[in-house]
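Comments concern the structure below.
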Amino acid sequence: MSNQNDHKEENKFTSEVMELMRKSPTSFHVCKNNMDELDKAGFTRLRENDTWNIEPGGKYYVTRNNSAVIALKLPNKDKFNGFMIGASHSDHPCFKIINNCEVNVENHYKIVTIEQYPKTIDYTWFDTPLSVAGRLIVKTKDGFETKLVHVDRPLLMIPSLSSHMQKEYDKIEDLFDCETRMRPIFSTNKDITLMDVVLGENNIDPKEVIDSELFVYRHSEPVIWGANNEFMSSRAIDDQISVFCSLKAFIDAKVTDSIAIHAVFDNEEIGSSTTQGADSTFMANVMMRCLGSMKMNKTDFRAMLPNSFILSIDNAHALHPNYVEKFNKIARAYMGKGAVLKKAASYSYCTNAVSSSLLHTMAEKEGAKLQDYYNRPGVIPGQTLARFLLPYTSVIGADVGIAQLAMHSAYETCSSHDALHLKKLIQSVYSSTLIMHDDGNYTVK
């Protein structure tokens with residue numbers, strides 16, 4: 001029988017990741033916490049409107065929209081072999097607050113109006129503590145600046161309708177209408193506004209505010225639980241656990257002959273087609289500007305791509321004990337058995353035999369556990385980050401993540417043991433160099 005000490009290292013690392021997740025209620029906070037960790041590790045911040053002076057051996061990062069970040073770690077020489085890329089996303093399903101549209105109900109309840117971002121598992125948002133976070137645009141002497149805000153206490157609740165009163169509704173969907181049934185309550189004081197609370201708890205003058213982007217998030221601490229502490233639950237496991245495993249792996253990775261890139265994009269949950277999403281020129285621009293600063297040209301860039309690899313890091317569906325029939329009978333993903341390599345005949349996942357072989361080779365160097373996963377036949381998975389990045393980079397790659405339950409719930413569950421193996425897997429990519437001798441013929445260094 002296993003005990004808690006068997007996985008002490010795994011749970012210690014998971015606890016470190018949990019603390020970063022706890023401080024990241026929105027994609028803006030995910031980006032800020034990435035920046036803080038990169039600053040502590042000695043990275044230099046670049047800005048897209050500046051001239052870049054990049055040097056061999058340098059460590060840099062650049063942000064976009066305060067919700068996406070790309071970090072670079074360069075070899076200690078003028079010529080580079082290729083790019084080793086890890087890509088994850090900062091956003092998660094939640095509710096966006098409609099500005100200045102609070103409602104007084106029966107001159108008693110103060111209610112917040114919201115819209116979904118994107119489709120959520122609605123019932124998981126009822127009867128649980130919620131709060132507000134996001135960003136404000138505030139005036140400066142010559143223009144404006146962005147300020148992050150976070151009410152770090154239970155502030156809102158969406159109460160369920162009593163079971164005694166539900167029978168009059170023909171469809172369960174009638175209980176989950178975002179516009180009418182899922183409006184959070186935050187006060188019985190008709191004279192107070194939600195913005196009063198946000199500004200007061202973040203010490204911001206209301207006269208300075210121009211606009212805002214605020215989200216409702218579940219205010220519940222991440223926890224490790226189970227008979228042997230084998231599970232972890234939190235909001236936004238999809239995809240913050242990938243983000244922070246990638247960040248830790250990137251910082252710890254050794255310098256190689258290739259450029260390591262840690263990329264975190266926003267808006268994956270709504271299709272990635274935004275300025276800060278994966279389906280933008282952000283990645284390609286950063287790669288080209290990096291090489292341009294080093295006096296390399298487009299021909300050099302194109303020659304590096306066949307020696308490159310992209311890891312699209314987003315989670316997989318763990319076998320659910322109460323819905324076994326929903327899963328592939330053979331190639332299932334299990335919590336606690338390491339990172340997951342996702343494959344699909346439809347190429348909804350970018351993994352193929354070559355990229356799978358390369359990844360298994362790299363994983364062995366770090367001792368990372370890796371299991372293969374296929375969806376049940378007939379189930380077409382959603383598109384992942386790699387599908388949007390490939391048209392801009394055309395780099396061979398693989399889709400990976402950890403196995404989790406309740407994807408898109410307000411509170412998701414995974415294994416407390418798998419984060420470390422995902423970190424080791426990602427670090428094996430950042431710490432490797434690929435050399436393509438011929439099409440489909442590689443050496444891994």
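Quick note on naming: the chains in the structure tokens go A, B, ... in the order shown, residues restart at 1 in each chain, and ligands are numbered from 1 in order of appearance.
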Counting only C-alpha atoms, which residues in range 165-257 of chain A sit no more than 8 Å from range 110-127 of chain A? For each one, give the nearest pair of atoms and the distance in Å, sorted by chain then residue number, as a Markdown table.
```
| residue | atom | partner | partner_atom | distance |
| --- | --- | --- | --- | --- |
| A:Phe176 | CA | A:Asp122 | CA | 6.3 |
| A:Cys178 | CA | A:Glu115 | CA | 6.5 |
| A:Glu179 | CA | A:Thr113 | CA | 7.0 |
| A:Met182 | CA | A:Phe126 | CA | 7.9 |
| A:Arg183 | CA | A:Val112 | CA | 5.7 |
| A:Pro184 | CA | A:Val112 | CA | 5.5 |
| A:Ile185 | CA | A:Ile111 | CA | 4.6 |
| A:Phe186 | CA | A:Lys110 | CA | 6.0 |
| A:Ser187 | CA | A:Lys110 | CA | 5.0 |
| A:Thr188 | CA | A:Lys110 | CA | 5.7 |
| A:Asn189 | CA | A:Lys110 | CA | 6.8 |
| A:Lys190 | CA | A:Lys110 | CA | 6.1 |
| A:Leu194 | CA | A:Val112 | CA | 7.8 |
| A:Arg218 | CA | A:Trp125 | CA | 7.6 |
```
Spatial neighbours of Gln383 in chain A, max dist 10 Å, only C-alpha atoms, sep filter under 6 positions, as a PyMOL selection string: chain A and resi 268-269+271-272+347-350
Written file, previous selection with N, CA and C atoms, as a PDB file, in the first residue's frame:
```
ATOM      1  N   GLU A 268      -7.578  31.129 -25.942  1.00  0.00           N
ATOM      2  CA  GLU A 268      -7.693  29.803 -26.565  1.00  0.00           C
ATOM      3  C   GLU A 268      -9.117  29.274 -26.453  1.00  0.00           C
ATOM      4  N   GLU A 269      -9.786  29.577 -25.353  1.00  0.00           N
ATOM      5  CA  GLU A 269     -11.122  29.032 -25.109  1.00  0.00           C
ATOM      6  C   GLU A 269     -12.184  29.601 -26.049  1.00  0.00           C
ATOM      7  N   GLY A 271     -11.280  30.410 -29.370  1.00  0.00           N
ATOM      8  CA  GLY A 271     -10.826  30.221 -30.746  1.00  0.00           C
ATOM      9  C   GLY A 271      -9.474  30.770 -31.112  1.00  0.00           C
ATOM     10  N   SER A 272      -8.826  31.519 -30.217  1.00  0.00           N
ATOM     11  CA  SER A 272      -7.449  32.001 -30.413  1.00  0.00           C
ATOM     12  C   SER A 272      -7.288  33.107 -31.447  1.00  0.00           C
ATOM     13  N   TYR A 347      -5.919  14.691 -36.989  1.00  0.00           N
ATOM     14  CA  TYR A 347      -4.882  15.698 -36.751  1.00  0.00           C
ATOM     15  C   TYR A 347      -5.429  16.931 -36.049  1.00  0.00           C
ATOM     16  N   SER A 348      -6.514  16.747 -35.286  1.00  0.00           N
ATOM     17  CA  SER A 348      -6.914  17.798 -34.356  1.00  0.00           C
ATOM     18  C   SER A 348      -5.800  18.015 -33.343  1.00  0.00           C
ATOM     19  N   TYR A 349      -5.060  16.944 -33.053  1.00  0.00           N
ATOM     20  CA  TYR A 349      -3.801  17.045 -32.344  1.00  0.00           C
ATOM     21  C   TYR A 349      -2.690  16.926 -33.381  1.00  0.00           C
ATOM     22  N   CYS A 350      -1.587  17.657 -33.180  1.00  0.00           N
ATOM     23  CA  CYS A 350      -0.546  17.701 -34.218  1.00  0.00           C
ATOM     24  C   CYS A 350       0.438  16.537 -34.112  1.00  0.00           C
TER      25      CYS A 350
END
```
All alpha helix (DSSP H) residues (DSSP, backbone) inside range 125-198 of chain A, as an NGL selection string: :A and (194-198)
Can I get the residues of range 198-255 of chain A within 8 Å of range 393-410 of chain A, each with the closest pair of atoms and their distance in Å to one decimal, using only C-alpha atoms, sorted chain first then ascending number, as a Markdown table?
```
| residue | atom | partner | partner_atom | distance |
| --- | --- | --- | --- | --- |
| A:Tyr217 | CA | A:Ala410 | CA | 7.9 |
| A:Arg218 | CA | A:Ala410 | CA | 6.3 |
| A:Arg235 | CA | A:Ala410 | CA | 5.7 |
| A:Ala236 | CA | A:Ala410 | CA | 7.5 |
| A:Asp238 | CA | A:Met407 | CA | 6.8 |
| A:Ser242 | CA | A:Gly401 | CA | 6.8 |
```
I need the residues from that last selection saved to file as a PDB file, in the first residue's frame (with N, CA, C and O atoms), if you can.
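Generated file (out-v8.pdb):
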```pdb
ATOM      1  N   TYR A 217     -14.829  34.905 -10.908  1.00  0.00           N
ATOM      2  CA  TYR A 217     -14.074  33.655 -10.802  1.00  0.00           C
ATOM      3  C   TYR A 217     -14.449  32.951  -9.502  1.00  0.00           C
ATOM      4  O   TYR A 217     -14.980  33.563  -8.569  1.00  0.00           O
ATOM      5  N   ARG A 218     -14.191  31.665  -9.439  1.00  0.00           N
ATOM      6  CA  ARG A 218     -14.483  30.900  -8.227  1.00  0.00           C
ATOM      7  C   ARG A 218     -13.429  31.172  -7.169  1.00  0.00           C
ATOM      8  O   ARG A 218     -12.232  30.947  -7.387  1.00  0.00           O
ATOM      9  N   ARG A 235      -9.566  25.850  -9.413  1.00  0.00           N
ATOM     10  CA  ARG A 235     -10.089  26.484 -10.621  1.00  0.00           C
ATOM     11  C   ARG A 235      -8.972  26.505 -11.668  1.00  0.00           C
ATOM     12  O   ARG A 235      -7.780  26.488 -11.339  1.00  0.00           O
ATOM     13  N   ALA A 236      -9.347  26.496 -12.928  1.00  0.00           N
ATOM     14  CA  ALA A 236      -8.425  26.774 -14.044  1.00  0.00           C
ATOM     15  C   ALA A 236      -7.242  25.821 -14.147  1.00  0.00           C
ATOM     16  O   ALA A 236      -6.171  26.196 -14.612  1.00  0.00           O
ATOM     17  N   ASP A 238      -7.173  23.607 -16.278  1.00  0.00           N
ATOM     18  CA  ASP A 238      -7.095  23.834 -17.724  1.00  0.00           C
ATOM     19  C   ASP A 238      -7.106  25.349 -17.952  1.00  0.00           C
ATOM     20  O   ASP A 238      -8.148  25.971 -17.861  1.00  0.00           O
ATOM     21  N   SER A 242      -0.526  23.833 -16.926  1.00  0.00           N
ATOM     22  CA  SER A 242       0.405  23.757 -18.055  1.00  0.00           C
ATOM     23  C   SER A 242       1.286  24.999 -18.116  1.00  0.00           C
ATOM     24  O   SER A 242       2.498  24.910 -18.352  1.00  0.00           O
TER      25      SER A 242
END
```
Surrounding residues of range 18-33 of chain A excluding itself and chain neighbours under 5 positions, 9 Å, only C-alpha atoms, as a ChimeraX atom specification: /A:13,38,63,65-69,89-92,132-135,148-150,214-223,232,234-237,240-241,243-244,264,266-267
Surrounding residues of Asn307 in chain A excluding itself and chain neighbours under 6 positions, 10 Å, only C-alpha atoms, as JSON, numbers by chain: {"A": [80, 81, 82, 83, 84, 258, 395, 396, 433, 434, 435, 436, 437, 442, 443, 444]}
What would the file look like if the residues just selected were written as a CSV table (one decimal), in the first residue's frame with all heavy atoms?
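The resulting file, part-v7.csv, is reproduced below:
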```csv
chain,number,residue,atom,x,y,z
A,80,PHE,N,22.3,29.8,-34.5
A,80,PHE,CA,21.4,28.9,-33.7
A,80,PHE,C,20.9,27.7,-34.6
A,80,PHE,O,20.8,27.8,-35.8
A,80,PHE,CB,20.2,29.7,-33.2
A,80,PHE,CG,20.5,31.0,-32.6
A,80,PHE,CD1,19.9,32.2,-33.0
A,80,PHE,CD2,21.5,31.1,-31.6
A,80,PHE,CE1,20.2,33.4,-32.5
A,80,PHE,CE2,21.8,32.3,-31.1
A,80,PHE,CZ,21.2,33.5,-31.5
A,81,ASN,N,20.7,26.6,-33.9
A,81,ASN,CA,20.3,25.4,-34.6
A,81,ASN,C,18.8,25.4,-34.9
A,81,ASN,O,18.4,25.1,-36.0
A,81,ASN,CB,20.6,24.2,-33.7
A,81,ASN,CG,20.2,22.9,-34.4
A,81,ASN,OD1,21.0,22.4,-35.2
A,81,ASN,ND2,19.1,22.3,-34.0
A,82,GLY,N,18.0,25.8,-34.0
A,82,GLY,CA,16.5,25.8,-34.2
A,82,GLY,C,15.8,26.4,-33.0
A,82,GLY,O,16.4,27.1,-32.2
A,83,PHE,N,14.5,26.2,-33.0
A,83,PHE,CA,13.6,26.7,-31.9
A,83,PHE,C,13.0,25.5,-31.1
A,83,PHE,O,12.5,24.6,-31.8
A,83,PHE,CB,12.5,27.6,-32.4
A,83,PHE,CG,13.0,28.8,-33.2
A,83,PHE,CD1,13.1,28.7,-34.6
A,83,PHE,CD2,13.3,29.9,-32.5
A,83,PHE,CE1,13.5,29.8,-35.3
A,83,PHE,CE2,13.7,31.1,-33.3
A,83,PHE,CZ,13.8,31.0,-34.6
A,84,MET,N,13.0,25.5,-29.8
A,84,MET,CA,12.4,24.5,-29.0
A,84,MET,C,11.3,25.2,-28.2
A,84,MET,O,11.6,26.0,-27.3
A,84,MET,CB,13.3,23.8,-28.1
A,84,MET,CG,14.5,23.2,-28.8
A,84,MET,SD,14.0,21.9,-30.1
A,84,MET,CE,13.6,20.5,-29.0
A,258,SER,N,19.9,25.6,-29.4
A,258,SER,CA,18.7,26.1,-29.9
A,258,SER,C,18.1,27.2,-29.0
A,258,SER,O,18.4,27.2,-27.9
A,258,SER,CB,17.7,24.9,-30.1
A,258,SER,OG,18.1,24.0,-31.0
A,395,VAL,N,6.4,24.0,-37.8
A,395,VAL,CA,7.3,23.3,-37.0
A,395,VAL,C,6.7,22.0,-36.6
A,395,VAL,O,5.5,21.9,-36.3
A,395,VAL,CB,7.8,24.1,-35.8
A,395,VAL,CG1,8.6,23.3,-34.8
A,395,VAL,CG2,8.5,25.4,-36.2
A,396,ILE,N,7.5,20.9,-36.6
A,396,ILE,CA,6.9,19.6,-36.2
A,396,ILE,C,6.7,19.7,-34.7
A,396,ILE,O,7.4,20.4,-33.9
A,396,ILE,CB,7.9,18.5,-36.5
A,396,ILE,CG1,7.2,17.1,-36.2
A,396,ILE,CG2,9.2,18.6,-35.7
A,396,ILE,CD1,8.1,15.9,-36.7
A,433,THR,N,18.4,19.7,-28.3
A,433,THR,CA,18.6,20.2,-29.7
A,433,THR,C,18.3,19.1,-30.7
A,433,THR,O,18.7,18.0,-30.5
A,433,THR,CB,20.1,20.7,-29.8
A,433,THR,OG1,20.3,21.8,-29.0
A,433,THR,CG2,20.4,21.1,-31.2
A,434,LEU,N,17.5,19.5,-31.7
A,434,LEU,CA,17.2,18.6,-32.8
A,434,LEU,C,18.0,18.9,-34.0
A,434,LEU,O,18.2,20.1,-34.3
A,434,LEU,CB,15.7,18.6,-33.2
A,434,LEU,CG,14.7,18.3,-32.1
A,434,LEU,CD1,13.3,18.3,-32.8
A,434,LEU,CD2,15.0,17.0,-31.4
A,435,ILE,N,18.5,17.8,-34.7
A,435,ILE,CA,19.2,18.0,-35.9
A,435,ILE,C,18.5,17.1,-37.0
A,435,ILE,O,18.5,15.9,-36.8
A,435,ILE,CB,20.7,17.7,-35.8
A,435,ILE,CG1,21.4,18.6,-34.8
A,435,ILE,CG2,21.4,17.8,-37.2
A,435,ILE,CD1,22.8,18.2,-34.5
A,436,MET,N,18.0,17.7,-38.0
A,436,MET,CA,17.3,16.9,-39.1
A,436,MET,C,18.4,16.6,-40.1
A,436,MET,O,18.9,17.5,-40.8
A,436,MET,CB,16.1,17.6,-39.7
A,436,MET,CG,15.3,16.7,-40.6
A,436,MET,SD,14.0,17.6,-41.4
A,436,MET,CE,14.8,18.3,-42.8
A,437,HIS,N,18.7,15.3,-40.3
A,437,HIS,CA,19.7,14.9,-41.4
A,437,HIS,C,19.0,14.8,-42.7
A,437,HIS,O,19.6,15.0,-43.8
A,437,HIS,CB,20.3,13.6,-40.9
A,437,HIS,CG,21.0,13.7,-39.6
A,437,HIS,ND1,22.2,14.4,-39.4
A,437,HIS,CD2,20.7,13.1,-38.4
A,437,HIS,CE1,22.5,14.3,-38.1
A,437,HIS,NE2,21.6,13.5,-37.5
A,442,TYR,N,16.3,12.1,-37.7
A,442,TYR,CA,16.8,13.1,-36.7
A,442,TYR,C,17.8,12.5,-35.7
A,442,TYR,O,17.8,11.4,-35.5
A,442,TYR,CB,15.6,13.6,-35.9
A,442,TYR,CG,14.6,14.5,-36.6
A,442,TYR,CD1,13.6,14.0,-37.3
A,442,TYR,CD2,14.7,15.9,-36.5
A,442,TYR,CE1,12.6,14.8,-38.0
A,442,TYR,CE2,13.8,16.7,-37.1
A,442,TYR,CZ,12.7,16.2,-37.8
A,442,TYR,OH,11.8,17.0,-38.5
A,443,THR,N,18.6,13.5,-35.2
A,443,THR,CA,19.4,13.2,-34.0
A,443,THR,C,18.9,14.2,-32.9
A,443,THR,O,18.6,15.3,-33.1
A,443,THR,CB,20.9,13.5,-34.3
A,443,THR,OG1,21.3,12.5,-35.2
A,443,THR,CG2,21.7,13.4,-33.0
A,444,VAL,N,18.8,13.6,-31.7
A,444,VAL,CA,18.4,14.4,-30.5
A,444,VAL,C,19.6,14.6,-29.6
A,444,VAL,O,20.2,13.6,-29.2
A,444,VAL,CB,17.3,13.7,-29.7
A,444,VAL,CG1,16.9,14.6,-28.5
A,444,VAL,CG2,16.1,13.5,-30.6
```
Which residue of A:Asn49, A:Thr128, A:Thr256, A:Asn228 approaches Asn76 in chain A most closely, using only C-alpha atoms: A:Thr256
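Rounded to one decimal, CA of Glu412 in chain A and CA of Ala316 in chain A lie 12.2 Å from each other.
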Atom pair CA of Ser346 in chain A / CA of His360 in chain A: separation (Å): 21.6 Å
Those of range 110-250 of chain A in DSSP strand (DSSP E or B), formatted as a PyMOL selection string: chain A and resi 110-111+114-117+130-139+144-150+156-157+185-187+209-218+223-225+231-234
Which of A:Asn375, A:Ser15, A:Ser416, A:Ser308 sits closest to Leu358 in chain A [using only C-alpha atoms]: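 Checking each of A:Asn375, A:Ser15, A:Ser416, A:Ser308 against Leu358 in chain A, counting only C-alpha atoms, the winner is A:Ser308.
Distances to Lys73 in chain A were evaluated for A:Leu156, A:Leu175, A:Met287, A:Ala278 using only C-alpha atoms, and the minimum falls at A:Met287.
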Gap from CA of Phe309 in chain A to CA of Ala339 in chain A - Å, one decimal: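 Computing the Euclidean distance for CA of Phe309 in chain A and CA of Ala339 in chain A yields 17.6 Å.
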Compile the contact shell of Trp52 in chain A as a compact mmCIF listing (two decimals) with N, CA and C atoms, in the first residue's frame: residues with an atom at most 7 Å away, counting only C-alpha atoms, same-chain residues fewer than 2 positions apart removed.
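Resulting contents of out-v8.txt:
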```txt
# COMPACT_ATOMS: atom_id res chain seq x y z
N ASP A 50 9.74 48.89 -29.26
CA ASP A 50 11.14 49.28 -29.11
C ASP A 50 12.01 48.58 -30.15
N ILE A 54 19.30 42.14 -29.01
CA ILE A 54 19.40 40.79 -28.43
C ILE A 54 20.81 40.25 -28.64
N SER A 293 17.52 40.95 -34.98
CA SER A 293 18.42 41.66 -34.08
C SER A 293 19.80 41.04 -34.06
```
Selection: 10 Å around Phe43 in chain A, only C-alpha atoms, excl. self and same-chain fewer than 2 positions, as a short mmCIF file (atom, residue, chain, number, x, y, z; two decimals) with all heavy atoms, in the first residue's frame:
```
data_model
loop_
_atom_site.label_atom_id
_atom_site.label_comp_id
_atom_site.auth_asym_id
_atom_site.auth_seq_id
_atom_site.Cartn_x
_atom_site.Cartn_y
_atom_site.Cartn_z
N MET A 35 5.63 37.19 -15.54
CA MET A 35 6.61 38.26 -15.58
C MET A 35 7.42 38.33 -14.29
O MET A 35 8.65 38.48 -14.33
CB MET A 35 5.91 39.59 -15.84
CG MET A 35 5.27 39.72 -17.22
SD MET A 35 4.15 41.14 -17.34
CE MET A 35 5.30 42.49 -17.09
N ASP A 36 6.74 38.22 -13.17
CA ASP A 36 7.44 38.29 -11.88
C ASP A 36 8.47 37.17 -11.73
O ASP A 36 9.60 37.40 -11.27
CB ASP A 36 6.43 38.21 -10.73
CG ASP A 36 5.59 39.47 -10.60
OD1 ASP A 36 5.94 40.50 -11.21
OD2 ASP A 36 4.56 39.42 -9.90
N GLU A 37 8.09 35.95 -12.14
CA GLU A 37 9.01 34.82 -12.04
C GLU A 37 10.19 34.98 -13.01
O GLU A 37 11.34 34.65 -12.67
CB GLU A 37 8.27 33.51 -12.33
CG GLU A 37 7.23 33.13 -11.30
CD GLU A 37 7.82 32.84 -9.93
OE1 GLU A 37 8.77 32.05 -9.86
OE2 GLU A 37 7.33 33.42 -8.94
N LEU A 38 9.92 35.49 -14.20
CA LEU A 38 10.99 35.72 -15.17
C LEU A 38 11.92 36.83 -14.71
O LEU A 38 13.14 36.74 -14.88
CB LEU A 38 10.38 36.05 -16.54
CG LEU A 38 9.65 34.89 -17.23
CD1 LEU A 38 8.81 35.40 -18.39
CD2 LEU A 38 10.63 33.83 -17.71
N ASP A 39 11.36 37.88 -14.12
CA ASP A 39 12.20 38.95 -13.57
C ASP A 39 13.14 38.40 -12.51
O ASP A 39 14.34 38.72 -12.49
CB ASP A 39 11.32 40.05 -12.96
CG ASP A 39 10.62 40.91 -14.01
OD1 ASP A 39 11.07 40.92 -15.17
OD2 ASP A 39 9.61 41.56 -13.65
N LYS A 40 12.61 37.57 -11.62
CA LYS A 40 13.43 36.99 -10.54
C LYS A 40 14.53 36.11 -11.10
O LYS A 40 15.60 35.97 -10.48
CB LYS A 40 12.55 36.20 -9.57
CG LYS A 40 11.70 37.06 -8.65
CD LYS A 40 11.05 36.25 -7.55
CE LYS A 40 9.98 35.33 -8.06
NZ LYS A 40 9.24 34.64 -6.95
N ALA A 41 14.27 35.49 -12.27
CA ALA A 41 15.26 34.60 -12.89
C ALA A 41 16.23 35.36 -13.79
O ALA A 41 17.05 34.73 -14.49
CB ALA A 41 14.54 33.51 -13.68
N ARG A 45 13.03 42.45 -19.93
CA ARG A 45 11.76 42.70 -20.63
C ARG A 45 12.00 43.50 -21.90
O ARG A 45 12.73 44.50 -21.91
CB ARG A 45 10.78 43.44 -19.73
CG ARG A 45 9.42 43.61 -20.40
CD ARG A 45 8.39 44.27 -19.51
NE ARG A 45 7.11 44.35 -20.19
CZ ARG A 45 6.03 44.94 -19.71
NH1 ARG A 45 6.09 45.50 -18.50
NH2 ARG A 45 4.91 44.97 -20.39
N LEU A 46 11.38 43.05 -22.99
CA LEU A 46 11.36 43.77 -24.26
C LEU A 46 9.95 44.33 -24.47
O LEU A 46 8.98 43.81 -23.93
CB LEU A 46 11.71 42.84 -25.42
CG LEU A 46 13.02 42.07 -25.32
CD1 LEU A 46 13.11 41.04 -26.45
CD2 LEU A 46 14.22 43.01 -25.37
N GLY A 58 21.52 35.63 -24.06
CA GLY A 58 20.57 36.51 -23.40
C GLY A 58 19.27 35.80 -23.03
O GLY A 58 18.93 34.76 -23.58
N LYS A 59 18.55 36.42 -22.08
CA LYS A 59 17.25 35.89 -21.63
C LYS A 59 16.25 37.06 -21.67
O LYS A 59 16.47 38.07 -21.00
CB LYS A 59 17.36 35.31 -20.22
CG LYS A 59 18.37 34.18 -20.09
CD LYS A 59 18.30 33.50 -18.73
CE LYS A 59 18.68 34.40 -17.59
NZ LYS A 59 18.70 33.69 -16.27
N TYR A 60 15.17 36.89 -22.42
CA TYR A 60 14.27 38.00 -22.68
C TYR A 60 12.81 37.55 -22.62
O TYR A 60 12.51 36.36 -22.75
CB TYR A 60 14.55 38.59 -24.07
CG TYR A 60 15.99 38.94 -24.32
CD1 TYR A 60 16.86 38.03 -24.91
CD2 TYR A 60 16.48 40.19 -23.97
CE1 TYR A 60 18.19 38.35 -25.14
CE2 TYR A 60 17.82 40.52 -24.20
CZ TYR A 60 18.67 39.60 -24.78
OH TYR A 60 19.98 39.93 -25.00
N TYR A 61 11.92 38.53 -22.46
CA TYR A 61 10.49 38.24 -22.61
C TYR A 61 9.76 39.49 -23.10
O TYR A 61 10.23 40.62 -22.90
CB TYR A 61 9.87 37.70 -21.32
CG TYR A 61 9.69 38.71 -20.20
CD1 TYR A 61 8.53 39.48 -20.10
CD2 TYR A 61 10.67 38.87 -19.22
CE1 TYR A 61 8.35 40.39 -19.07
CE2 TYR A 61 10.49 39.77 -18.18
CZ TYR A 61 9.33 40.54 -18.11
OH TYR A 61 9.17 41.43 -17.09
N ALA A 71 8.70 34.24 -23.86
CA ALA A 71 10.03 34.39 -23.28
C ALA A 71 11.04 33.59 -24.11
O ALA A 71 10.72 32.54 -24.66
CB ALA A 71 10.04 33.90 -21.83
N LEU A 72 12.26 34.12 -24.19
CA LEU A 72 13.33 33.53 -25.00
C LEU A 72 14.56 33.27 -24.16
O LEU A 72 14.93 34.10 -23.32
CB LEU A 72 13.72 34.49 -26.14
CG LEU A 72 12.62 35.05 -27.03
CD1 LEU A 72 13.15 36.24 -27.82
CD2 LEU A 72 12.12 33.98 -27.98
N LYS A 73 15.20 32.14 -24.40
CA LYS A 73 16.49 31.82 -23.80
C LYS A 73 17.43 31.44 -24.93
O LYS A 73 17.22 30.43 -25.61
CB LYS A 73 16.36 30.69 -22.78
CG LYS A 73 17.65 30.38 -22.03
CD LYS A 73 17.47 29.18 -21.09
CE LYS A 73 16.64 29.53 -19.89
NZ LYS A 73 16.62 28.40 -18.90
N ILE A 251 12.61 28.02 -17.00
CA ILE A 251 13.62 28.68 -16.17
C ILE A 251 14.73 27.71 -15.78
O ILE A 251 15.91 28.06 -15.75
CB ILE A 251 12.95 29.31 -14.93
CG1 ILE A 251 12.08 30.50 -15.35
CG2 ILE A 251 13.99 29.73 -13.90
CD1 ILE A 251 11.22 31.08 -14.23
#
```
Closest contacts (range 281-318 of chain A/range 419-431 of chain A, max 12 Å, only C-alpha atoms) as JSON lines:
```
{"residue": "A:Ser308", "atom": "CA", "partner": "A:Val429", "partner_atom": "CA", "distance": 10.1}
{"residue": "A:Phe309", "atom": "CA", "partner": "A:Val429", "partner_atom": "CA", "distance": 7.9}
{"residue": "A:Ile310", "atom": "CA", "partner": "A:Val429", "partner_atom": "CA", "distance": 8.6}
{"residue": "A:Leu311", "atom": "CA", "partner": "A:Ile426", "partner_atom": "CA", "distance": 7.7}
{"residue": "A:Ser312", "atom": "CA", "partner": "A:Ile426", "partner_atom": "CA", "distance": 10.0}
{"residue": "A:Ile313", "atom": "CA", "partner": "A:Ile426", "partner_atom": "CA", "distance": 8.7}
{"residue": "A:Asp314", "atom": "CA", "partner": "A:Leu422", "partner_atom": "CA", "distance": 10.7}
{"residue": "A:Asn315", "atom": "CA", "partner": "A:Leu422", "partner_atom": "CA", "distance": 10.4}
```
Can those selected residues be exported to a file as a PDB file, in the first residue's frame so that it contains C-alpha atoms?
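Output saved as result.pdb:
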```
ATOM      1  CA  SER A 308      12.701  22.909 -34.359  1.00  0.00           C
ATOM      2  CA  PHE A 309       9.962  21.417 -32.198  1.00  0.00           C
ATOM      3  CA  ILE A 310       6.740  22.759 -30.692  1.00  0.00           C
ATOM      4  CA  LEU A 311       5.002  21.343 -27.649  1.00  0.00           C
ATOM      5  CA  SER A 312       1.321  22.308 -27.509  1.00  0.00           C
ATOM      6  CA  ILE A 313       0.536  21.992 -23.787  1.00  0.00           C
ATOM      7  CA  ASP A 314      -3.137  21.610 -22.871  1.00  0.00           C
ATOM      8  CA  ASN A 315      -4.851  18.988 -20.768  1.00  0.00           C
TER       9      ASN A 315
END
```
Pick from A:Leu74, A:Ile137, A:Leu389, A:Ile98, whichever lies nearest to Asn285 in chain A using only C-alpha atoms: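 Looking at the shortest contact to Asn285 in chain A, the residue is A:Leu389.
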